[in-house]
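Participant: Just one file: work-v6.txt, with compact mmCIF, C-alpha atoms and all ligand atoms.
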```txt
# COMPACT_ATOMS: atom_id res chain seq x y z
CA MET A 1 2.30 9.47 -41.10
CA SER A 2 3.30 12.86 -39.78
CA LEU A 3 6.39 13.36 -37.67
CA LEU A 4 4.19 14.14 -34.66
CA SER A 5 2.15 10.97 -34.87
CA ALA A 6 5.32 8.92 -35.34
CA ALA A 7 6.68 10.55 -32.20
CA ALA A 8 3.49 9.76 -30.27
CA VAL A 9 3.58 6.11 -31.33
CA ALA A 10 7.28 5.83 -30.47
CA LEU A 11 6.76 7.41 -27.05
CA PHE A 12 3.94 5.02 -26.28
CA ALA A 13 6.00 2.05 -27.42
CA VAL A 14 8.93 3.06 -25.22
CA THR A 15 6.61 3.52 -22.24
CA ALA A 16 5.27 0.00 -22.77
CA VAL A 17 8.63 -1.83 -22.91
CA PRO A 18 8.99 -2.51 -19.14
CA TYR A 19 5.32 -3.50 -18.89
CA VAL A 20 5.66 -5.99 -21.70
CA SER A 21 8.87 -7.31 -20.13
CA TYR A 22 7.07 -7.89 -16.84
CA LEU A 23 4.27 -9.70 -18.69
CA VAL A 24 6.82 -11.95 -20.38
CA LEU A 25 8.53 -12.66 -17.05
CA TYR A 26 5.15 -13.42 -15.54
CA ALA A 27 4.35 -15.88 -18.34
CA LEU A 28 7.73 -17.58 -17.89
CA ILE A 29 7.62 -17.85 -14.12
CA ARG A 30 3.87 -18.23 -13.54
CA PRO A 31 4.17 -17.32 -9.85
CA GLN A 32 1.57 -18.93 -7.66
CA GLY A 33 1.24 -17.51 -4.20
CA SER A 34 4.03 -17.11 -1.70
CA PRO A 35 7.54 -18.25 -2.69
CA ALA A 36 8.31 -19.10 0.97
CA ASP A 37 8.68 -22.60 2.37
CA LYS A 38 5.69 -22.11 4.61
CA GLU A 39 5.59 -24.10 7.82
CA PRO A 40 3.01 -24.02 10.59
CA ALA A 41 4.32 -21.80 13.39
CA GLU A 42 2.93 -20.10 16.45
CA PRO A 43 5.32 -17.32 17.53
CA THR A 44 4.40 -14.68 20.09
CA VAL A 45 2.84 -11.70 18.31
CA SER A 46 2.74 -7.94 18.87
CA ILE A 47 -0.07 -6.28 16.94
CA VAL A 48 0.71 -2.61 16.37
CA LEU A 49 -2.35 -0.40 15.85
CA PRO A 50 -1.88 3.35 15.28
CA THR A 51 -4.98 5.45 15.90
CA TYR A 52 -5.89 9.03 15.18
CA ASN A 53 -9.49 9.98 15.97
CA GLU A 54 -10.96 6.55 15.31
CA ALA A 55 -13.63 6.64 18.04
CA GLN A 56 -16.28 5.75 15.48
CA ILE A 57 -14.70 2.46 14.40
CA VAL A 58 -12.10 1.39 16.95
CA GLU A 59 -14.44 -0.95 18.79
CA THR A 60 -15.29 -2.81 15.58
CA LYS A 61 -11.56 -3.06 14.90
CA LEU A 62 -10.86 -4.54 18.35
CA ASP A 63 -13.70 -7.06 17.91
CA ASP A 64 -12.11 -8.04 14.61
CA LEU A 65 -8.65 -8.49 16.16
CA LEU A 66 -9.97 -10.58 19.02
CA ALA A 67 -11.77 -12.83 16.57
CA LEU A 68 -8.49 -13.82 14.87
CA ASP A 69 -7.72 -17.53 14.95
CA TYR A 70 -4.71 -17.43 17.32
CA PRO A 71 -4.07 -18.10 21.01
CA MET A 72 -4.61 -14.64 22.51
CA GLU A 73 -2.22 -15.44 25.42
CA LYS A 74 0.51 -15.20 22.80
CA VAL A 75 -0.63 -11.80 21.58
CA GLU A 76 0.01 -8.28 22.86
CA LEU A 77 -1.71 -5.28 21.32
CA VAL A 78 0.41 -2.15 21.09
CA VAL A 79 -1.79 0.87 20.40
CA VAL A 80 -0.20 4.23 19.75
CA ASP A 81 -2.91 6.84 19.99
CA SER A 82 -2.58 10.47 18.98
CA SER A 83 -6.29 11.29 19.07
CA SER A 84 -8.09 14.35 20.29
CA ASP A 85 -11.39 12.41 20.52
CA ASP A 86 -12.10 9.62 23.04
CA THR A 87 -10.48 6.76 21.11
CA ARG A 88 -8.14 5.88 24.00
CA GLU A 89 -10.93 5.86 26.59
CA ILE A 90 -12.89 3.45 24.40
CA ILE A 91 -9.83 1.20 24.10
CA ARG A 92 -9.07 1.27 27.83
CA GLU A 93 -12.68 0.50 28.68
CA TYR A 94 -12.70 -2.35 26.14
CA PHE A 95 -9.69 -4.00 27.77
CA SER A 96 -10.74 -3.35 31.38
CA ASP A 97 -12.16 -6.84 31.83
CA LEU A 98 -9.97 -8.79 29.40
CA ASN A 99 -7.05 -11.01 30.41
CA ALA A 100 -5.73 -11.47 26.91
CA PRO A 101 -4.44 -10.07 24.72
CA GLU A 102 -2.31 -7.80 26.83
CA LEU A 103 -2.70 -4.09 26.06
CA VAL A 104 0.19 -1.65 25.77
CA LEU A 105 -1.29 1.81 25.22
CA LEU A 106 1.08 4.59 24.16
CA GLU A 107 -0.59 7.97 24.53
CA GLU A 108 0.63 10.98 22.56
CA ASP A 109 -0.47 14.38 23.78
CA GLU A 110 0.16 15.96 20.44
CA ARG A 111 -0.11 14.50 16.98
CA ARG A 112 3.36 14.28 15.44
CA GLY A 113 2.43 12.15 12.47
CA LEU A 114 2.10 8.45 11.83
CA ALA A 115 5.78 7.59 11.30
CA PRO A 116 7.12 8.84 14.67
CA ALA A 117 4.14 7.23 16.41
CA LEU A 118 4.91 3.93 14.72
CA ASN A 119 8.59 4.13 15.64
CA ASP A 120 7.56 4.34 19.30
CA ALA A 121 5.12 1.45 18.92
CA TYR A 122 7.70 -0.77 17.21
CA ALA A 123 10.19 0.01 19.97
CA ALA A 124 7.59 -0.97 22.58
CA ALA A 125 6.64 -4.20 20.82
CA SER A 126 8.27 -7.12 22.59
CA ASN A 127 7.14 -10.25 20.74
CA GLU A 128 8.75 -12.32 17.98
CA MET A 129 6.40 -11.36 15.15
CA VAL A 130 5.29 -7.74 14.85
CA VAL A 131 2.12 -7.10 12.86
CA LYS A 132 1.12 -3.59 11.82
CA THR A 133 -2.54 -2.99 10.94
CA ASP A 134 -4.57 0.17 10.14
CA CYS A 135 -7.76 0.83 12.07
CA ASP A 136 -9.91 1.02 8.92
CA SER A 137 -9.24 -2.51 7.75
CA LYS A 138 -10.69 -5.94 8.47
CA LEU A 139 -8.48 -9.03 8.56
CA SER A 140 -9.22 -12.62 7.60
CA PRO A 141 -9.26 -14.86 10.70
CA ASN A 142 -6.18 -16.85 9.60
CA VAL A 143 -3.84 -13.89 8.85
CA LEU A 144 -1.54 -14.39 11.83
CA ARG A 145 -1.05 -18.08 11.08
CA GLU A 146 -0.46 -17.43 7.38
CA ALA A 147 2.02 -14.66 8.16
CA ALA A 148 3.83 -16.76 10.78
CA ALA A 149 4.10 -19.64 8.31
CA ASN A 150 5.91 -17.34 5.87
CA LEU A 151 8.27 -15.96 8.51
CA ALA A 152 9.13 -19.53 9.54
CA ASP A 153 11.22 -19.63 6.35
CA ASP A 154 14.68 -18.40 7.42
CA ASP A 155 15.14 -16.22 4.33
CA ILE A 156 11.88 -14.33 4.84
CA ALA A 157 11.89 -11.35 7.22
CA ALA A 158 8.58 -9.67 6.34
CA VAL A 159 5.31 -10.44 4.58
CA THR A 160 2.37 -8.34 3.43
CA GLY A 161 -1.05 -9.38 2.21
CA GLN A 162 -3.71 -8.94 -0.41
CA ASN A 163 -6.79 -6.74 -0.43
CA VAL A 164 -9.53 -9.23 -1.22
CA GLU A 165 -12.53 -6.99 -0.89
CA VAL A 166 -12.86 -3.28 -1.20
CA LEU A 167 -15.29 -2.05 1.44
CA GLY A 168 -17.47 0.71 0.08
CA GLY A 169 -17.57 -1.16 -3.23
CA SER A 170 -15.04 0.74 -5.34
CA GLU A 171 -14.44 -1.33 -8.49
CA VAL A 172 -11.74 1.11 -9.47
CA GLU A 173 -9.59 0.17 -6.55
CA SER A 174 -10.36 -3.54 -6.72
CA GLY A 175 -9.45 -3.55 -10.42
CA TYR A 176 -6.06 -2.09 -9.63
CA ARG A 177 -5.47 -4.37 -6.67
CA GLY A 178 -6.05 -7.41 -8.90
CA VAL A 179 -3.31 -6.28 -11.27
CA GLN A 180 -1.08 -5.32 -8.37
CA SER A 181 -1.49 -8.74 -6.76
CA HIS A 182 -0.08 -10.48 -9.85
CA ILE A 183 2.80 -8.02 -10.05
CA GLN A 184 3.64 -8.48 -6.38
CA GLN A 185 3.55 -12.28 -6.66
CA LEU A 186 6.00 -12.02 -9.55
CA GLU A 187 8.29 -9.67 -7.59
CA SER A 188 8.18 -11.89 -4.50
CA ASN A 189 9.07 -14.88 -6.62
CA LEU A 190 12.00 -13.06 -8.22
CA ASP A 191 13.28 -11.87 -4.82
CA SER A 192 11.17 -9.39 -2.85
CA THR A 193 8.31 -6.98 -3.49
CA LEU A 194 8.45 -3.22 -3.02
CA ILE A 195 5.05 -2.20 -1.74
CA PHE A 196 3.88 -3.15 1.75
CA HIS A 197 0.26 -2.48 2.64
CA GLY A 198 -0.97 -0.54 5.67
CA PRO A 199 -3.92 -2.80 6.48
CA PHE A 200 -1.59 -5.76 7.13
CA SER A 201 2.18 -6.13 7.22
CA ALA A 202 4.11 -8.57 9.42
CA PHE A 203 7.78 -8.27 10.36
CA GLU A 204 10.26 -10.29 12.36
CA LYS A 205 10.89 -8.27 15.51
CA ASP A 206 14.66 -8.66 15.09
CA ALA A 207 14.50 -7.16 11.61
CA LEU A 208 12.77 -3.89 12.57
CA LEU A 209 14.52 -0.57 11.86
CA PRO A 210 13.49 3.04 12.57
CA ILE A 211 11.61 4.82 9.79
CA ASP A 212 12.03 8.41 8.64
CA PRO A 213 9.78 10.61 10.85
CA ASN A 214 8.45 12.35 7.73
CA SER A 215 7.65 9.11 5.92
CA LEU A 216 4.38 8.91 4.00
CA ALA A 217 5.00 5.27 3.07
CA ASP A 218 5.93 3.78 6.44
CA ASP A 219 5.16 0.13 5.69
CA THR A 220 6.97 0.11 2.36
CA GLU A 221 9.91 2.02 3.83
CA LEU A 222 10.31 -0.53 6.58
CA ALA A 223 10.19 -3.40 4.09
CA LEU A 224 12.71 -1.72 1.79
CA LYS A 225 15.12 -1.11 4.65
CA ILE A 226 14.75 -4.70 5.82
CA ARG A 227 15.53 -5.94 2.30
CA ARG A 228 18.63 -3.76 2.28
CA GLN A 229 19.71 -5.51 5.50
CA GLY A 230 19.46 -8.85 3.70
CA GLY A 231 16.05 -10.28 4.60
CA ARG A 232 13.52 -11.10 1.88
CA VAL A 233 10.27 -9.15 2.06
CA ILE A 234 7.39 -10.78 0.21
CA PHE A 235 3.71 -10.63 -0.72
CA ASP A 236 1.46 -13.62 0.01
CA PRO A 237 -2.06 -13.54 -1.48
CA ALA A 238 -3.15 -16.06 1.19
CA VAL A 239 -2.81 -13.25 3.74
CA GLU A 240 -6.14 -11.52 3.19
CA TYR A 241 -7.62 -8.23 4.36
CA MET A 242 -10.33 -5.77 3.41
CA GLU A 243 -10.01 -2.01 3.11
CA ALA A 244 -12.41 0.83 2.27
CA SER A 245 -11.98 2.92 -0.88
CA HIS A 246 -13.75 5.58 -2.97
CA SER A 247 -14.61 5.26 -6.65
CA GLU A 248 -15.19 8.90 -7.50
CA PHE A 249 -12.27 10.51 -9.26
CA VAL A 250 -11.94 13.59 -7.08
CA LYS A 251 -12.43 11.83 -3.75
CA ARG A 252 -9.83 9.22 -4.65
CA ARG A 253 -7.17 11.79 -5.46
CA LYS A 254 -6.28 12.97 -1.96
CA GLN A 255 -5.43 9.56 -0.53
CA LYS A 256 -3.87 8.19 -3.70
CA ASP A 257 -1.81 11.32 -4.34
CA ARG A 258 -0.45 11.21 -0.79
CA ARG A 259 0.39 7.51 -1.03
CA GLY A 260 2.02 8.14 -4.42
CA MET A 261 4.11 10.96 -2.95
CA GLY A 262 5.30 8.71 -0.16
CA LEU A 263 6.38 5.98 -2.57
CA ILE A 264 8.10 8.27 -5.08
CA ARG A 265 10.00 10.07 -2.35
CA LEU A 266 11.08 6.74 -0.89
CA LEU A 267 12.36 5.44 -4.24
CA VAL A 268 14.34 8.63 -4.79
CA GLN A 269 15.79 8.54 -1.27
CA HIS A 270 16.93 4.97 -1.86
CA ARG A 271 18.15 5.46 -5.45
CA ASP A 272 21.53 4.01 -4.47
CA ALA A 273 19.81 0.61 -4.08
CA LEU A 274 19.26 0.40 -7.86
CA GLY A 275 21.37 -2.34 -9.36
CA ARG A 276 22.22 -3.88 -5.98
CA TYR A 277 20.66 -6.63 -3.82
CA GLY A 278 20.21 -9.20 -6.58
CA LYS A 279 16.99 -9.16 -8.60
CA TYR A 280 15.43 -6.75 -6.11
CA GLY A 281 17.70 -3.90 -7.21
CA ARG A 282 18.11 -5.10 -10.78
CA ILE A 283 14.50 -5.86 -11.73
CA VAL A 284 11.98 -4.99 -8.99
CA LEU A 285 13.20 -1.49 -8.16
CA PRO A 286 13.79 -0.43 -11.79
CA PHE A 287 10.28 -1.58 -12.75
CA ASN A 288 8.78 0.40 -9.88
CA TRP A 289 10.84 3.44 -10.86
CA TRP A 290 9.40 3.13 -14.33
CA PHE A 291 5.83 2.62 -13.19
CA MET A 292 5.81 5.33 -10.53
CA ILE A 293 8.22 7.98 -11.78
CA VAL A 294 8.95 7.66 -15.50
CA SER A 295 5.80 6.27 -17.08
CA PRO A 296 3.31 8.90 -15.76
CA TRP A 297 5.36 11.67 -17.43
CA LEU A 298 5.87 9.70 -20.63
CA LEU A 299 2.13 9.03 -20.86
CA ALA A 300 1.32 12.70 -20.29
CA VAL A 301 3.77 13.74 -23.03
CA THR A 302 2.39 11.01 -25.30
CA LEU A 303 -1.11 12.40 -24.81
CA ILE A 304 0.02 15.95 -25.62
CA VAL A 305 2.03 14.90 -28.67
CA GLY A 306 -0.74 12.55 -29.82
CA THR A 307 -3.33 15.32 -29.56
CA GLY A 308 -1.01 17.64 -31.48
CA ALA A 309 -0.65 14.98 -34.16
CA ALA A 310 -4.40 14.42 -34.40
CA ILE A 311 -5.03 18.17 -34.70
CA SER A 312 -2.39 18.57 -37.39
CA LEU A 313 -3.96 15.69 -39.32
CA PHE A 314 -7.66 16.30 -38.79
CA GLY A 315 -7.92 19.91 -37.60
CA ALA A 316 -10.20 20.64 -34.69
CA SER A 317 -11.76 17.18 -34.83
CA GLY A 318 -8.39 15.94 -33.58
CA LEU A 319 -9.66 16.97 -30.16
CA VAL A 320 -11.70 13.75 -30.05
CA LEU A 321 -8.53 12.09 -28.76
CA PRO A 322 -8.45 13.87 -25.38
CA GLY A 323 -12.27 13.84 -25.53
CA LEU A 324 -12.28 10.05 -25.68
CA LEU A 325 -9.90 9.92 -22.76
CA GLY A 326 -12.31 12.15 -20.83
CA VAL A 327 -15.19 9.77 -21.57
CA PHE A 328 -13.02 6.81 -20.57
CA ALA A 329 -12.20 8.51 -17.26
CA TYR A 330 -15.83 9.48 -16.66
CA LEU A 331 -17.12 5.94 -17.26
CA GLY A 332 -14.19 4.45 -15.38
CA GLN A 333 -14.88 6.27 -12.15
CA LYS A 334 -18.51 5.13 -12.36
CA ASP A 335 -17.28 1.53 -12.62
CA HIS A 336 -19.01 1.26 -16.04
CA LEU A 337 -16.13 -0.05 -18.13
CA GLY A 338 -16.76 -3.77 -17.68
CA PRO A 339 -13.82 -5.83 -18.97
CA VAL A 340 -11.48 -2.84 -19.32
CA GLN A 341 -12.20 -1.49 -15.85
CA ALA A 342 -8.76 -2.70 -14.69
CA LEU A 343 -7.16 -0.61 -17.46
CA TYR A 344 -8.91 2.43 -16.08
CA SER A 345 -7.60 1.72 -12.61
CA ILE A 346 -4.04 1.71 -13.95
CA PHE A 347 -4.73 5.03 -15.68
CA ASP A 348 -6.19 6.36 -12.41
CA THR A 349 -3.03 5.30 -10.57
CA GLN A 350 -0.82 6.95 -13.18
CA VAL A 351 -2.79 10.20 -12.79
CA SER A 352 -2.15 10.16 -9.04
CA LEU A 353 1.53 9.39 -9.52
CA LEU A 354 1.88 12.30 -11.94
CA ARG A 355 0.15 14.64 -9.53
CA ALA A 356 2.28 13.28 -6.72
CA SER A 357 5.52 14.04 -8.64
CA VAL A 358 4.33 17.57 -9.24
CA GLU A 359 3.36 18.03 -5.59
CA LEU A 360 6.77 16.72 -4.54
CA LEU A 361 8.52 19.15 -6.89
CA VAL A 362 6.43 22.06 -5.65
CA GLY A 363 6.42 21.52 -1.90
CA ASP A 364 6.59 18.94 0.82
CA SER A 365 4.25 17.45 3.39
CA ASP A 366 4.63 17.51 7.16
CA GLY A 367 3.62 13.87 7.46
CA THR A 368 0.07 14.30 8.80
CA TRP A 369 -3.27 14.19 6.99
CA ASP A 370 -7.02 14.29 7.60
CA VAL A 371 -8.38 10.85 8.35
CA ASP A 372 -11.16 10.18 5.81
CA ALA A 373 -14.47 10.20 7.70
CA GLU A 374 -16.49 8.88 4.77
CA LEU A 375 -14.34 5.78 4.45
CA ARG A 376 -14.85 5.13 8.15
CA GLU A 377 -18.61 4.80 7.49
CA ALA A 378 -17.93 1.62 5.53
CA PHE A 379 -17.10 -0.07 8.84
CA GLU A 380 -20.23 0.37 10.80
P1 LIG B 401 -4.77 5.89 4.56
O1 LIG B 401 -5.43 4.55 4.61
O2 LIG B 401 -3.45 5.86 3.85
O3 LIG B 401 -5.69 6.96 4.05
O4 LIG B 401 -4.39 6.31 6.06
P2 LIG B 401 -5.43 6.40 7.28
O5 LIG B 401 -5.91 7.81 7.40
O6 LIG B 401 -6.45 5.31 7.18
O7 LIG B 401 -4.44 6.10 8.49
C1 LIG B 401 -3.84 4.82 8.67
C2 LIG B 401 -3.81 4.49 10.14
O8 LIG B 401 -2.94 5.39 10.83
C3 LIG B 401 -5.17 4.61 10.83
O9 LIG B 401 -5.28 3.60 11.78
C4 LIG B 401 -5.09 6.00 11.48
O10 LIG B 401 -5.92 6.10 12.62
C5 LIG B 401 -3.63 6.06 11.86
N1 LIG B 401 -3.06 7.43 11.90
C6 LIG B 401 -3.09 8.39 10.95
N2 LIG B 401 -2.43 9.48 11.36
C7 LIG B 401 -1.93 9.20 12.59
C8 LIG B 401 -1.15 9.92 13.56
O11 LIG B 401 -0.76 11.06 13.34
N3 LIG B 401 -0.85 9.27 14.73
C9 LIG B 401 -1.26 7.99 15.01
N4 LIG B 401 -0.93 7.43 16.17
N5 LIG B 401 -2.01 7.29 14.12
C10 LIG B 401 -2.33 7.88 12.94
MN MN B 402 -6.96 3.89 5.68
```
Using structure tokens, write down the structure from this file.
Ligand code: GDP
Ligand code: MN
Facilitator:
Amino acid sequence: MSLLSAAAVALFAVTAVPYVSYLVLYALIRPQGSPADKEPAEPTVSIVLPTYNEAQIVETKLDDLLALDYPMEKVELVVVDSSSDDTREIIREYFSDLNAPELVLLEEDERRGLAPALNDAYAAASNEMVVKTDCDSKLSPNVLREAAANLADDDIAAVTGQNVEVLGGSEVESGYRGVQSHIQQLESNLDSTLIFHGPFSAFEKDALLPIDPNSLADDTELALKIRRQGGRVIFDPAVEYMEASHSEFVKRRKQKDRRGMGLIRLLVQHRDALGRYGKYGRIVLPFNWWFMIVSPWLLAVTLIVGTGAAISLFGASGLVLPGLLGVFAYLGQKDHLGPVQALYSIFDTQVSLLRASVELLVGDSDGTWDVDAELREAFE
């Protein structure tokens, strides 16, 4: 074996160590669902809904919220709207002849970005449980009860849920979410999970903290800060939602790169949390550092070194190695990989995380983005 191929194999092996460790932990612990002592509870609820030019789908979203299995007298809806279309008129009209839930409509004249808008909405929310939901998601009817049951456990301060169906039919995203769900159950069982999902996250009102106005990972940032204050923040697969997603490689990049940037920046900002806060800082955060920051670079270097090794061994035909990866990516984005489709979705995520690191090194974002019109179609 040449020195180069030995290096490629070694690099790959090193990259894999934390993944294998997580698999071993998973096998030992066999986490099943939420680690909370769930108890039926019916707290008052503030549902926070941020909107930016959602006129096309906001009515469907409101129908969906009103159909939740919960006494609507105990619910207030806090909308923070930064639209330039008629989203807020549609909302006002919708509530004009409703007694419940109560509507609190915060109107922004100028779009400042999601994070500052959310800070205002969280400050305006007055109920015991505060639920944040994105406009382009559908929730299972029992989400509020499931979330409240988790928060009834004194140790638990926040809970997020699982994407059970990908609207728009992207197998790529659903493959990844399946893997992610197992990882997040393991993390929640150990202590707390890192990633909180925009379509549904629930927080105890008393635990809320302001988020960085530039944040591109608002839900996760809030959860991380709450964990640093001492509350556990967990993932419960019984809390179910649906979200739209693209399969095509290029279309997926924009959203995934932005989300990756938000998460990487957040981890770096909170690097002092490593090693603290029990298993959260000693296992969960280091694994996420590896997955989101270290492993994408190691894999890229492995690919370059591996290709170099193949060329030095087989000449030009060594180029089949990157060629095969190209075929894998091409079939993967078409959802044609059958049993190894989930592997492709991890690769796809690593690509976005690598691009996100580069984008972060090169420049920074102002915290606003174009809302994806095509994904909104999945809701009509
Ligand atoms: P993605 O799912 O990460 O691609 O993010 P979306 O574009 O779906 O946005 C998530 C939610 O935030 C949606 O309900 C948007 O309407 C809303 N949103 C996005 N940007 C802004 C903003 O600048 N202000 C407000 N108030 N809401 C926003
Ligand atoms: Mn969205």
Participant: Output the neighbourhood of ligand MN 402 (chain B) as number ranges by chain, that is, all protein and nucleic acid residues with some atom at most 12 Å from the ligand, counting all atoms listed in the file.
Facilitator: A: 49-52, 54, 57, 114, 133-138, 166-167, 197-200, 242-246, 252, 254-256, 258-259, 369-379
Participant: Nearest to Ser357 in chain A among A:Ser295, A:Thr160, A:Thr307, A:Ser181, with distances taken over all atoms listed in the file: which residue is it?
Facilitator: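 Residue with the minimum atom-to-atom distance to Ser357 in chain A: A:Ser295.
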Participant: Could you pull the residues within 9 Å of Ala309 in chain A, counting only C-alpha atoms, minus those fewer than 3 positions along the same chain, as an NGL selection string?
Facilitator: :A and (2-8 or 304-306 or 312-314 or 318)
Participant: Find the residues around Ile156 in chain A up to 10 Å (only C-alpha atoms counted), leave out those fewer than 2 positions away in its own chain, and share them as a PyMOL selection string.
Facilitator: chain A and resi 35-38+150-154+158-159+192+203-204+227+230-234
Participant: So which one's closest to ligand LIG 401 (chain B), A:Val14, A:Val362, A:Ala121, A:Ala41? Using all atoms listed in the file, please.
Facilitator: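 Once distances to ligand LIG 401 (chain B) are computed over all atoms listed in the file, the minimum belongs to A:Ala121.
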Participant: Smallest atom-to-atom distance to Leu343 in chain A: which of A:Arg177, A:Arg112, A:Arg145, A:Lys61, using only C-alpha atoms?
Facilitator: A:Arg177
Participant: CA of Ser215 in chain A and CA of Met261 in chain A are how many Å apart?
Facilitator: 9.7 Å
Participant: Residues within 9 Å of Arg355 in chain A, please, as a list in words. Count all atoms listed in the file; anything in the same chain fewer than 5 positions from it doesn't count.
Facilitator: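 The residues satisfying every condition are Arg253, Asp257, Gly260, Met261, Gln350 and Leu360 of chain A.
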Participant: Using all atoms listed in the file for the distances, tell me which of A:Arg265, A:Arg276, A:His182, A:His270 is nearest to Ile29 in chain A.
Facilitator: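 The closest residue to Ile29 in chain A is A:His182.
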Participant: Quick one: 6 Å padding each side, axis-aligned, all listed atoms of ligand LIG 401 (chain B) - centre and edge lengths in Å to one decimal, as JSON?
Facilitator:
```
{"center_x": -3.6, "center_y": 7.3, "center_z": 10.0, "size_x": 17.7, "size_y": 19.5, "size_z": 24.3}
```
Participant: Provide the atom C10 of ligand LIG 401 (chain B) to CA of Val131 in chain A distance in Å, to one decimal place.
Facilitator: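 Atom C10 of ligand LIG 401 (chain B) sits 15.6 Å away from CA of Val131 in chain A.
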Participant: If you count all atoms listed in the file, which residues fall within 9 Å of Ile211 in chain A, apart from same-chain ones fewer than 4 positions away, as a list of chain:residue names?
Facilitator: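 Near neighbours after the sequence-gap exclusion: A:Ala115, A:Pro116, A:Leu118, A:Asn119, A:Ser215, A:Asp218, A:Asp219, A:Glu221, A:Leu222, A:Lys225.
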Participant: Measuring atom to atom with all atoms listed in the file, identify which of A:Pro296, A:Pro237, A:Gly113, A:Pro141 is nearest to Ser82 in chain A.
Facilitator: A:Gly113
Participant: Write out as JSON, numbers by chain which residues come within 12 Å of Gly338 in chain A when counting all atoms listed in the file, dropping same-chain ones fewer than 6 positions away.
Facilitator: {"A": [171, 172, 175, 328, 331, 332, 344, 345]}
